[in-house]
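Q: Just so it is clear, I am handing over start.json, which has JSON, C-alpha atoms.
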```json
[["chain", "number", "residue", "atom", "x", "y", "z"],
["U", 1, "MET", "CA", 6.12, -10.07, 6.25],
["U", 2, "ALA", "CA", 9.48, -11.52, 5.38],
["U", 3, "SER", "CA", 12.41, -9.73, 6.98],
["U", 4, "THR", "CA", 14.87, -7.81, 4.86],
["U", 5, "SER", "CA", 18.56, -7.13, 5.21],
["U", 6, "SER", "CA", 18.62, -3.40, 4.65],
["U", 7, "THR", "CA", 16.47, -0.39, 3.86],
["U", 8, "LYS", "CA", 17.09, 2.10, 1.08],
["U", 9, "LEU", "CA", 15.19, 5.29, 1.79],
["U", 10, "GLY", "CA", 15.43, 7.99, -0.85],
["U", 11, "ASP", "CA", 17.55, 5.81, -3.12],
["U", 12, "GLU", "CA", 16.39, 6.58, -6.60],
["U", 13, "ARG", "CA", 18.93, 4.27, -8.20],
["U", 14, "PRO", "CA", 18.73, 0.82, -6.63],
["U", 15, "ARG", "CA", 21.49, -1.43, -7.84],
["U", 16, "ALA", "CA", 20.60, -3.85, -10.56],
["U", 17, "VAL", "CA", 21.29, -7.49, -9.85],
["U", 18, "GLY", "CA", 21.42, -10.63, -11.91],
["U", 19, "ARG", "CA", 22.11, -10.54, -15.61],
["U", 20, "PRO", "CA", 19.16, -8.99, -17.45],
["U", 21, "VAL", "CA", 18.66, -9.32, -21.14],
["U", 22, "PRO", "CA", 18.03, -6.05, -23.06],
["U", 23, "LEU", "CA", 14.76, -4.51, -21.91],
["U", 24, "ARG", "CA", 11.97, -3.30, -24.14],
["U", 25, "ALA", "CA", 10.81, -0.27, -22.20],
["U", 26, "SER", "CA", 8.38, 0.63, -24.96],
["U", 27, "ALA", "CA", 6.21, -2.37, -24.10],
["U", 28, "MET", "CA", 4.28, -0.57, -21.37],
["U", 29, "GLN", "CA", 3.87, 2.53, -23.51],
["U", 30, "ALA", "CA", 2.54, 0.44, -26.37],
["U", 31, "ALA", "CA", 0.04, -1.27, -24.08],
["U", 32, "ALA", "CA", -1.07, 2.04, -22.58],
["U", 33, "GLU", "CA", -1.72, 3.42, -26.05],
["U", 34, "GLY", "CA", -3.75, 0.39, -26.98],
["U", 35, "GLY", "CA", -1.21, -0.78, -29.52],
["U", 36, "PRO", "CA", 0.26, -4.26, -29.82],
["U", 37, "SER", "CA", 2.65, -5.18, -27.01],
["U", 38, "ALA", "CA", 6.10, -6.62, -27.58],
["U", 39, "PRO", "CA", 6.37, -10.38, -28.19],
["U", 40, "ARG", "CA", 6.24, -12.26, -24.92],
["U", 41, "HIS", "CA", 8.98, -14.79, -25.49],
["U", 42, "LYS", "CA", 10.98, -15.68, -22.41],
["U", 43, "ALA", "CA", 14.62, -16.57, -22.53],
["U", 44, "ASP", "CA", 15.52, -20.15, -21.72],
["U", 45, "ARG", "CA", 14.96, -20.74, -17.99],
["U", 46, "SER", "CA", 16.72, -24.07, -17.81],
["U", 47, "GLY", "CA", 19.50, -22.49, -15.70],
["U", 48, "GLU", "CA", 19.38, -20.25, -12.67],
["U", 49, "ASP", "CA", 21.24, -16.99, -12.00],
["U", 50, "ARG", "CA", 22.35, -15.98, -8.54],
["U", 51, "ASP", "CA", 23.30, -12.39, -7.81],
["U", 52, "GLU", "CA", 25.91, -11.19, -5.34],
["U", 53, "GLY", "CA", 23.20, -10.49, -2.75],
["U", 54, "GLY", "CA", 22.09, -14.11, -2.75],
["U", 55, "ALA", "CA", 18.89, -13.84, -4.82],
["U", 56, "THR", "CA", 18.20, -16.76, -7.11],
["U", 57, "PHE", "CA", 16.61, -16.01, -10.45],
["U", 58, "PRO", "CA", 14.13, -16.42, -12.04],
["U", 59, "ILE", "CA", 11.81, -15.03, -9.37],
["U", 60, "ASP", "CA", 8.10, -15.87, -9.51],
["U", 61, "VAL", "CA", 6.11, -12.62, -9.62],
["U", 62, "ALA", "CA", 2.41, -11.75, -9.33],
["U", 63, "ILE", "CA", 0.76, -8.51, -10.41],
["U", 64, "ALA", "CA", -2.51, -6.93, -9.27],
["U", 65, "ASP", "CA", -3.88, -3.71, -10.73],
["U", 66, "LYS", "CA", -7.34, -2.37, -11.48],
["U", 67, "SER", "CA", -6.28, -1.34, -15.01],
["U", 68, "PRO", "CA", -6.16, -4.05, -17.72],
["U", 69, "LEU", "CA", -3.77, -1.82, -19.68],
["U", 70, "ILE", "CA", -1.32, -1.67, -16.78],
["U", 71, "LEU", "CA", -1.57, -5.44, -16.39],
["U", 72, "ALA", "CA", -0.83, -5.94, -20.07],
["U", 73, "GLY", "CA", 2.09, -3.53, -19.93],
["U", 74, "LEU", "CA", 3.60, -5.19, -16.87],
["U", 75, "GLU", "CA", 3.18, -8.62, -18.42],
["U", 76, "ALA", "CA", 5.07, -7.49, -21.51],
["U", 77, "LEU", "CA", 7.77, -5.82, -19.42],
["U", 78, "LEU", "CA", 8.38, -8.90, -17.26],
["U", 79, "ALA", "CA", 8.33, -11.19, -20.28],
["U", 80, "ASP", "CA", 11.42, -9.46, -21.64],
["U", 81, "ASP", "CA", 13.50, -9.95, -18.49],
["U", 82, "ARG", "CA", 14.68, -13.45, -17.68],
["U", 83, "ARG", "CA", 15.10, -12.60, -13.99],
["U", 84, "PHE", "CA", 11.34, -12.75, -13.51],
["U", 85, "ASN", "CA", 8.61, -15.29, -14.17],
["U", 86, "LEU", "CA", 5.04, -13.97, -14.16],
["U", 87, "VAL", "CA", 2.74, -16.53, -12.53],
["U", 88, "LEU", "CA", -0.40, -14.52, -11.72],
["U", 89, "LYS", "CA", -2.21, -11.35, -12.78],
["U", 90, "VAL", "CA", -5.49, -10.17, -11.23],
["U", 91, "THR", "CA", -7.52, -6.97, -11.05],
["U", 92, "ASP", "CA", -8.98, -7.55, -7.59],
["U", 93, "GLY", "CA", -7.40, -7.12, -4.15],
["U", 94, "GLU", "CA", -9.37, -9.90, -2.52],
["U", 95, "GLU", "CA", -8.50, -12.36, -5.29],
["U", 96, "PHE", "CA", -4.86, -11.39, -4.96],
["U", 97, "LEU", "CA", -4.89, -11.95, -1.21],
["U", 98, "ASP", "CA", -6.42, -15.41, -1.66],
["U", 99, "ALA", "CA", -3.64, -16.32, -4.09],
["U", 100, "ALA", "CA", -0.97, -14.95, -1.73],
["U", 101, "LYS", "CA", -2.15, -17.34, 0.97],
["U", 102, "LEU", "CA", -1.22, -20.22, -1.32],
["U", 103, "GLN", "CA", 2.39, -19.01, -1.62],
["U", 104, "ARG", "CA", 2.49, -19.20, -5.40],
["U", 105, "PHE", "CA", 4.99, -16.38, -5.82],
["U", 106, "GLN", "CA", 7.83, -14.63, -4.02],
["U", 107, "ILE", "CA", 7.24, -11.00, -5.03],
["U", 108, "ALA", "CA", 4.12, -9.10, -6.06],
["U", 109, "ILE", "CA", 3.49, -5.77, -7.77],
["U", 110, "ILE", "CA", 0.20, -4.26, -6.64],
["U", 111, "GLY", "CA", -1.65, -1.02, -7.26],
["U", 112, "TRP", "CA", -2.47, 1.33, -4.38],
["U", 113, "GLN", "CA", -6.20, 1.51, -5.03],
["U", 114, "LEU", "CA", -7.39, -2.02, -5.75],
["U", 115, "PRO", "CA", -11.06, -2.98, -6.05],
["U", 116, "THR", "CA", -12.65, -4.75, -3.03],
["U", 117, "LEU", "CA", -9.49, -4.48, -0.91],
["U", 118, "HIS", "CA", -7.26, -1.41, -0.80],
["U", 119, "ALA", "CA", -3.51, -1.98, -0.77],
["U", 120, "ARG", "CA", -3.54, -0.96, 2.91],
["U", 121, "GLU", "CA", -5.86, -3.84, 3.73],
["U", 122, "VAL", "CA", -3.82, -6.27, 1.64],
["U", 123, "LEU", "CA", -0.61, -5.28, 3.43],
["U", 124, "ARG", "CA", -2.26, -5.50, 6.86],
["U", 125, "ALA", "CA", -3.53, -8.99, 6.09],
["U", 126, "LEU", "CA", -0.15, -10.16, 4.77],
["U", 127, "SER", "CA", 1.63, -8.78, 7.85],
["U", 128, "ARG", "CA", -0.11, -11.53, 9.83],
["U", 129, "GLN", "CA", 0.89, -14.24, 7.37],
["U", 130, "PRO", "CA", 4.17, -16.12, 7.98],
["U", 131, "SER", "CA", 6.56, -16.07, 5.01],
["U", 132, "ALA", "CA", 4.30, -13.77, 3.02],
["U", 133, "PRO", "CA", 5.45, -12.63, -0.44],
["U", 134, "LYS", "CA", 7.27, -9.32, -0.64],
["U", 135, "ILE", "CA", 5.09, -6.49, -1.90],
["U", 136, "VAL", "CA", 6.09, -3.63, -4.18],
["U", 137, "VAL", "CA", 3.38, -1.00, -4.56],
["U", 138, "TYR", "CA", 3.30, 0.43, -8.09],
["U", 139, "SER", "CA", 1.03, 3.43, -8.19],
["U", 140, "GLY", "CA", 0.28, 6.77, -9.76],
["U", 141, "THR", "CA", -1.42, 8.10, -6.61],
["U", 142, "ASN", "CA", -0.90, 11.72, -5.65],
["U", 143, "ASP", "CA", -1.15, 10.83, -1.96],
["U", 144, "PRO", "CA", 2.22, 11.90, -0.50],
["U", 145, "ALA", "CA", 1.71, 9.56, 2.46],
["U", 146, "ALA", "CA", 1.37, 6.42, 0.33],
["U", 147, "PRO", "CA", 5.10, 5.46, 0.32],
["U", 148, "ALA", "CA", 5.34, 5.97, 4.09],
["U", 149, "GLU", "CA", 2.19, 3.94, 4.69],
["U", 150, "THR", "CA", 3.50, 1.16, 2.47],
["U", 151, "LEU", "CA", 6.71, 1.05, 4.47],
["U", 152, "GLN", "CA", 4.91, 1.21, 7.82],
["U", 153, "LEU", "CA", 2.56, -1.61, 6.81],
["U", 154, "GLY", "CA", 5.41, -3.91, 5.82],
["U", 155, "GLY", "CA", 5.77, -3.35, 2.09],
["U", 156, "ALA", "CA", 9.17, -3.92, 0.49],
["U", 157, "GLY", "CA", 9.11, -1.11, -2.06],
["U", 158, "PHE", "CA", 7.19, 1.71, -3.69],
["U", 159, "VAL", "CA", 7.52, 2.86, -7.29],
["U", 160, "SER", "CA", 5.63, 5.65, -9.02],
["U", 161, "LYS", "CA", 3.97, 4.86, -12.34],
["U", 162, "ARG", "CA", 5.55, 8.04, -13.60],
["U", 163, "ALA", "CA", 9.01, 6.50, -13.23],
["U", 164, "PRO", "CA", 10.71, 4.76, -16.20],
["U", 165, "PRO", "CA", 9.75, 1.08, -16.52],
["U", 166, "GLU", "CA", 13.38, 0.07, -15.94],
["U", 167, "ARG", "CA", 13.17, 1.49, -12.42],
["U", 168, "LEU", "CA", 10.42, -0.95, -11.51],
["U", 169, "LEU", "CA", 12.56, -3.84, -12.73],
["U", 170, "ASP", "CA", 15.55, -2.60, -10.75],
["U", 171, "VAL", "CA", 13.44, -2.28, -7.61],
["U", 172, "LEU", "CA", 12.10, -5.82, -8.06],
["U", 173, "ALA", "CA", 15.65, -7.13, -8.39],
["U", 174, "SER", "CA", 16.78, -5.24, -5.29],
["U", 175, "VAL", "CA", 13.79, -6.52, -3.30],
["U", 176, "ALA", "CA", 14.57, -10.06, -4.45],
["U", 177, "ALA", "CA", 18.09, -9.56, -3.08],
["U", 178, "GLY", "CA", 16.72, -8.58, 0.33],
["U", 179, "ASP", "CA", 16.58, -4.80, 0.10],
["U", 180, "MET", "CA", 13.72, -2.38, 0.72],
["U", 181, "VAL", "CA", 13.47, 0.46, -1.80],
["U", 182, "PHE", "CA", 11.42, 3.61, -1.29],
["U", 183, "PRO", "CA", 11.46, 7.24, -2.38],
["U", 184, "PHE", "CA", 12.24, 9.71, 0.39],
["U", 185, "VAL", "CA", 10.05, 9.01, 3.42],
["U", 186, "ASP", "CA", 9.84, 11.35, 6.40],
["U", 187, "ILE", "CA", 9.53, 8.80, 9.20],
["U", 188, "ARG", "CA", 8.46, 11.54, 11.61],
["U", 189, "LYS", "CA", 5.12, 11.71, 9.80],
["U", 190, "MET", "CA", 4.50, 7.99, 9.59],
["U", 191, "ARG", "CA", 1.21, 6.80, 11.07],
["U", 192, "ALA", "CA", 0.45, 10.04, 12.87],
["U", 193, "ASP", "CA", -2.29, 9.99, 15.49],
["U", 194, "PRO", "CA", -5.55, 10.41, 13.51],
["U", 195, "LEU", "CA", -7.11, 12.31, 16.40],
["U", 196, "GLU", "CA", -4.66, 15.16, 16.06],
["U", 197, "ASN", "CA", -6.43, 16.64, 13.03],
["U", 198, "LEU", "CA", -9.96, 16.33, 14.40],
["U", 199, "THR", "CA", -11.93, 19.26, 15.75],
["U", 200, "LEU", "CA", -13.68, 19.02, 19.12],
["U", 201, "ARG", "CA", -16.99, 18.39, 17.37],
["U", 202, "GLU", "CA", -15.49, 15.64, 15.20],
["U", 203, "ARG", "CA", -14.02, 13.97, 18.29],
["U", 204, "SER", "CA", -17.41, 14.09, 20.00],
["U", 205, "LEU", "CA", -19.03, 12.74, 16.85],
["U", 206, "LEU", "CA", -16.56, 9.85, 16.69],
["U", 207, "SER", "CA", -17.21, 9.00, 20.32],
["U", 208, "ALA", "CA", -20.97, 9.04, 19.68],
["U", 209, "LEU", "CA", -20.51, 6.76, 16.68],
["U", 210, "GLY", "CA", -18.64, 4.34, 18.90],
["U", 211, "SER", "CA", -21.64, 4.31, 21.24],
["U", 212, "GLY", "CA", -23.87, 3.17, 18.39],
["U", 213, "HIS", "CA", -25.84, 6.38, 17.82],
["U", 214, "THR", "CA", -27.81, 6.69, 14.57],
["U", 215, "ASN", "CA", -27.77, 9.80, 12.38],
["U", 216, "ASN", "CA", -31.15, 10.86, 13.81],
["U", 217, "GLN", "CA", -29.82, 10.52, 17.35],
["U", 218, "LEU", "CA", -26.67, 12.43, 16.43],
["U", 219, "ALA", "CA", -28.70, 15.27, 14.89],
["U", 220, "LYS", "CA", -30.82, 15.50, 18.05],
["U", 221, "ASP", "CA", -27.80, 15.33, 20.38],
["U", 222, "PHE", "CA", -25.89, 18.02, 18.50],
["U", 223, "GLY", "CA", -28.90, 20.18, 17.72],
["U", 224, "VAL", "CA", -28.32, 20.22, 13.96],
["U", 225, "SER", "CA", -29.95, 18.78, 10.86],
["U", 226, "ILE", "CA", -29.27, 15.30, 9.49],
["U", 227, "ASN", "CA", -27.62, 16.87, 6.43],
["U", 228, "THR", "CA", -25.19, 18.70, 8.72],
["U", 229, "ILE", "CA", -24.40, 15.41, 10.48],
["U", 230, "LYS", "CA", -23.75, 13.77, 7.14],
["U", 231, "PHE", "CA", -21.44, 16.63, 6.18],
["U", 232, "HIS", "CA", -19.45, 16.22, 9.40],
["U", 233, "LEU", "CA", -19.31, 12.46, 8.95],
["U", 234, "ARG", "CA", -17.85, 12.82, 5.46],
["U", 235, "ASN", "CA", -15.14, 15.11, 6.84],
["U", 236, "LEU", "CA", -14.52, 12.73, 9.71],
["U", 237, "PHE", "CA", -14.16, 9.70, 7.43],
["U", 238, "GLU", "CA", -11.77, 11.60, 5.16],
["U", 239, "LYS", "CA", -9.54, 12.66, 8.05],
["U", 240, "LEU", "CA", -9.49, 9.14, 9.51],
["U", 241, "GLU", "CA", -8.88, 7.67, 6.03],
["U", 242, "VAL", "CA", -11.80, 5.27, 6.36],
["U", 243, "ARG", "CA", -14.60, 4.66, 3.92],
["U", 244, "ASN", "CA", -17.63, 4.16, 6.12],
["U", 245, "ARG", "CA", -19.14, 4.22, 9.60],
["U", 246, "ALA", "CA", -18.12, 0.64, 10.41],
["U", 247, "GLN", "CA", -14.43, 1.35, 9.72],
["U", 248, "ALA", "CA", -14.57, 4.57, 11.75],
["U", 249, "ILE", "CA", -16.09, 2.71, 14.71],
["U", 250, "ALA", "CA", -13.49, -0.06, 14.42],
["U", 251, "LEU", "CA", -10.68, 2.51, 14.51],
["U", 252, "PHE", "CA", -12.31, 4.28, 17.46],
["U", 253, "LEU", "CA", -12.54, 1.01, 19.41],
["U", 254, "GLU", "CA", -8.89, 0.21, 18.64],
["U", 255, "MET", "CA", -7.84, 3.59, 20.02],
["U", 256, "LYS", "CA", -10.18, 3.31, 23.01],
["U", 257, "HIS", "CA", -8.71, -0.02, 24.07],
["U", 258, "GLY", "CA", -5.12, 1.02, 23.40],
["U", 259, "SER", "CA", -4.45, -1.55, 20.67],
["U", 260, "TRP", "CA", -3.73, 1.11, 18.04],
["U", 261, "THR", "CA", -0.19, 2.52, 18.04],
["U", 262, "ALA", "CA", 1.25, 5.59, 16.39],
["U", 263, "ALA", "CA", 4.79, 6.59, 15.52],
["U", 264, "THR", "CA", 6.09, 9.53, 17.52],
["U", 265, "PRO", "CA", 8.58, 12.06, 16.10],
["U", 266, "GLY", "CA", 11.31, 10.18, 17.93],
["U", 267, "GLY", "CA", 10.36, 6.98, 16.17],
["U", 268, "ARG", "CA", 8.90, 5.28, 19.26],
["U", 269, "ALA", "CA", 5.53, 3.57, 19.31],
["U", 270, "GLU", "CA", 2.98, 5.26, 21.54],
["U", 271, "SER", "CA", -0.52, 4.07, 22.31],
["U", 272, "ALA", "CA", -3.38, 6.13, 20.94],
["U", 273, "GLY", "CA", -4.93, 6.16, 24.39],
["U", 274, "ALA", "CA", -1.90, 7.98, 25.77],
["U", 275, "ARG", "CA", -1.81, 10.48, 22.94],
["U", 276, "GLY", "CA", -5.54, 11.12, 23.26],
["U", 277, "LYS", "CA", -4.88, 12.83, 26.60],
["U", 278, "LYS", "CA", -3.17, 15.74, 24.84],
["U", 279, "ALA", "CA", -5.04, 19.02, 24.62],
["U", 280, "SER", "CA", -7.61, 18.92, 21.85],
["U", 281, "ARG", "CA", -7.70, 21.43, 19.04],
["U", 282, "ASP", "CA", -10.81, 22.87, 17.41]]
```
Let me see whether you can do it: turn the structure in this file into structure tokens.
A:
Amino acid sequence: MASTSSTKLGDERPRAVGRPVPLRASAMQAAAEGGPSAPRHKADRSGEDRDEGGATFPIDVAIADKSPLILAGLEALLADDRRFNLVLKVTDGEEFLDAAKLQRFQIAIIGWQLPTLHAREVLRALSRQPSAPKIVVYSGTNDPAAPAETLQLGGAGFVSKRAPPERLLDVLASVAAGDMVFPFVDIRKMRADPLENLTLRERSLLSALGSGHTNNQLAKDFGVSINTIKFHLRNLFEKLEVRNRAQAIALFLEMKHGSWTAATPGGRAESAGARGKKASRD
């Protein structure tokens, strides 16, 4: 991900940059209610604005969200601000990632739960891409860890969909100027060791999964029914924040070989293998 000059944690009022024209905040509300959106006429872009932080406007922006209404609202919102030029809108995470590889935009607004590829997967993929676009996650998720995960995975900002539309525009402008803007994030809880919340049985189950055992083999090994194994697997997947057996096994192998790192309370990276030696909890 592109480096940034500073980080604003807990700053609910990022400074506005550039010279915005009057905003039509009602555009997103109109789109959400199914009514006609505001006219999408851009101001003349023949000249460029440069803010005091060095950002040059207009900035090319992409948006990706599973909701067509949100896409329409964001399109209308960006159309009324001459600092931004919308160049792409998609509803699919994989399609967005393909477009990002072509470097068609500088900043992107993406939802947290995108079809085909979750925002986590998008951010992980972009972290390996040189000069990747800056990502602002715009989401209504109730997951309190989402902002911290976005920051840890290299995102440039996080904005709740419950915030006023103007806040999103201000965050985009700040990100364009080189800032990172997030609500309060407790860095002590970032990327905690996933094994810490597992019971002894769930740890044993994860290890057995990594050895390639089927559900029938697991039921026999643990002396329980297949339905009980399925119940434990669902709990295991939820705690590990994975969606299926393959992702759970991949995470287990990362931890087993020491390639997965976790943030300690002191902010230092520690291998999962080292943390796995701590006393287990049932």
Q: Using all atoms listed in the file for the distances, tell me which of U:Ala132, U:Leu205, U:Val224, U:Leu77 is nearest to U:Asp98.
A: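 Residue with the minimum atom-to-atom distance to U:Asp98: U:Ala132.
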Q: Counting only C-alpha atoms, which residue out of U:Gln217, U:Ser139, U:Asn235, U:Ser211 sits closest to U:Ala250?
A: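 Closest residue, counting only C-alpha atoms: U:Ser211.
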Q: Could you make a table, as a Markdown table, of the residues of stretch 76-148 of chain U that have an atom within 12 Å of an atom of stretch 164-183 of chain U, each with its nearest atom pair and distance in Å to one decimal, counting only C-alpha atoms, in chain and number order?
A:
```
| residue | atom | partner | partner_atom | distance |
| --- | --- | --- | --- | --- |
| U:Ala76 | CA | U:Pro165 | CA | 11.0 |
| U:Leu77 | CA | U:Pro165 | CA | 7.7 |
| U:Leu78 | CA | U:Leu169 | CA | 8.0 |
| U:Ala79 | CA | U:Leu169 | CA | 11.4 |
| U:Asp80 | CA | U:Leu169 | CA | 10.6 |
| U:Asp81 | CA | U:Leu169 | CA | 8.4 |
| U:Arg82 | CA | U:Leu169 | CA | 11.0 |
| U:Arg83 | CA | U:Ala173 | CA | 7.8 |
| U:Phe84 | CA | U:Ala173 | CA | 8.7 |
| U:Asn85 | CA | U:Leu172 | CA | 11.8 |
| U:Phe105 | CA | U:Ala176 | CA | 11.6 |
| U:Gln106 | CA | U:Ala176 | CA | 8.2 |
| U:Ile107 | CA | U:Ala176 | CA | 7.4 |
| U:Ala108 | CA | U:Leu172 | CA | 8.9 |
| U:Ile109 | CA | U:Leu172 | CA | 8.6 |
| U:Ile110 | CA | U:Leu168 | CA | 11.8 |
| U:Pro133 | CA | U:Ala176 | CA | 10.3 |
| U:Lys134 | CA | U:Val175 | CA | 7.6 |
| U:Ile135 | CA | U:Val175 | CA | 8.8 |
| U:Val136 | CA | U:Leu172 | CA | 7.5 |
| U:Val137 | CA | U:Phe182 | CA | 9.8 |
| U:Tyr138 | CA | U:Leu168 | CA | 8.0 |
| U:Ser139 | CA | U:Leu168 | CA | 10.9 |
| U:Pro144 | CA | U:Pro183 | CA | 10.5 |
| U:Ala145 | CA | U:Pro183 | CA | 11.1 |
| U:Ala146 | CA | U:Pro183 | CA | 10.5 |
| U:Pro147 | CA | U:Phe182 | CA | 6.8 |
| U:Ala148 | CA | U:Phe182 | CA | 8.5 |
```
Q: Show me, as a list in words, the residues that have an atom within 12 Å of U:Thr214 when counting only C-alpha atoms, minus same-chain residues fewer than 6 positions from it.
A: Leu205, Leu206, Ala208, Lys220, Asp221, Ile226, Ile229, Lys230, Leu233 and Arg245 of chain U
Q: In Å to one decimal, how far is atom CA of U:Asp60 from atom CA of U:Val87?
A: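 Between these atoms lies a distance of 6.2 Å.
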Q: Can you work out which one of U:Glu202, U:Asp65, U:Glu238, U:Glu149 has the shortest atom-to-atom distance to U:Val90, counting all atoms listed in the file?
A: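 Smallest separation from U:Val90 among the options: U:Asp65.
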Q: Would you work out the distance separating atom CA of U:Thr91 from atom CA of U:Ala64, expressed in Å to one decimal?
A: 5.3 Å
Q: So what do you get for atom CA of U:His118 versus atom CA of U:Lys101, distance-wise?
A: 16.8 Å
Q: Pick the closest to U:Val159 from U:Gly212, U:Trp112, U:Arg124, U:Gln129: which is it, counting only C-alpha atoms?
A: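 Nearest to U:Val159: U:Trp112.
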Q: Between U:Glu75, U:Thr116, U:Arg104, U:Ile63, single out the one closest to U:Arg243, counting all atoms listed in the file.
A: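 Going through U:Glu75, U:Thr116, U:Arg104, U:Ile63 one by one, the smallest distance to U:Arg243 is for U:Thr116.
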Q: Between U:Pro130, U:Gly111, U:Gly210, U:Gly223, which has the minimum distance to U:Leu74 (counting all atoms listed in the file)?
A: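 The closest residue to U:Leu74 is U:Gly111.
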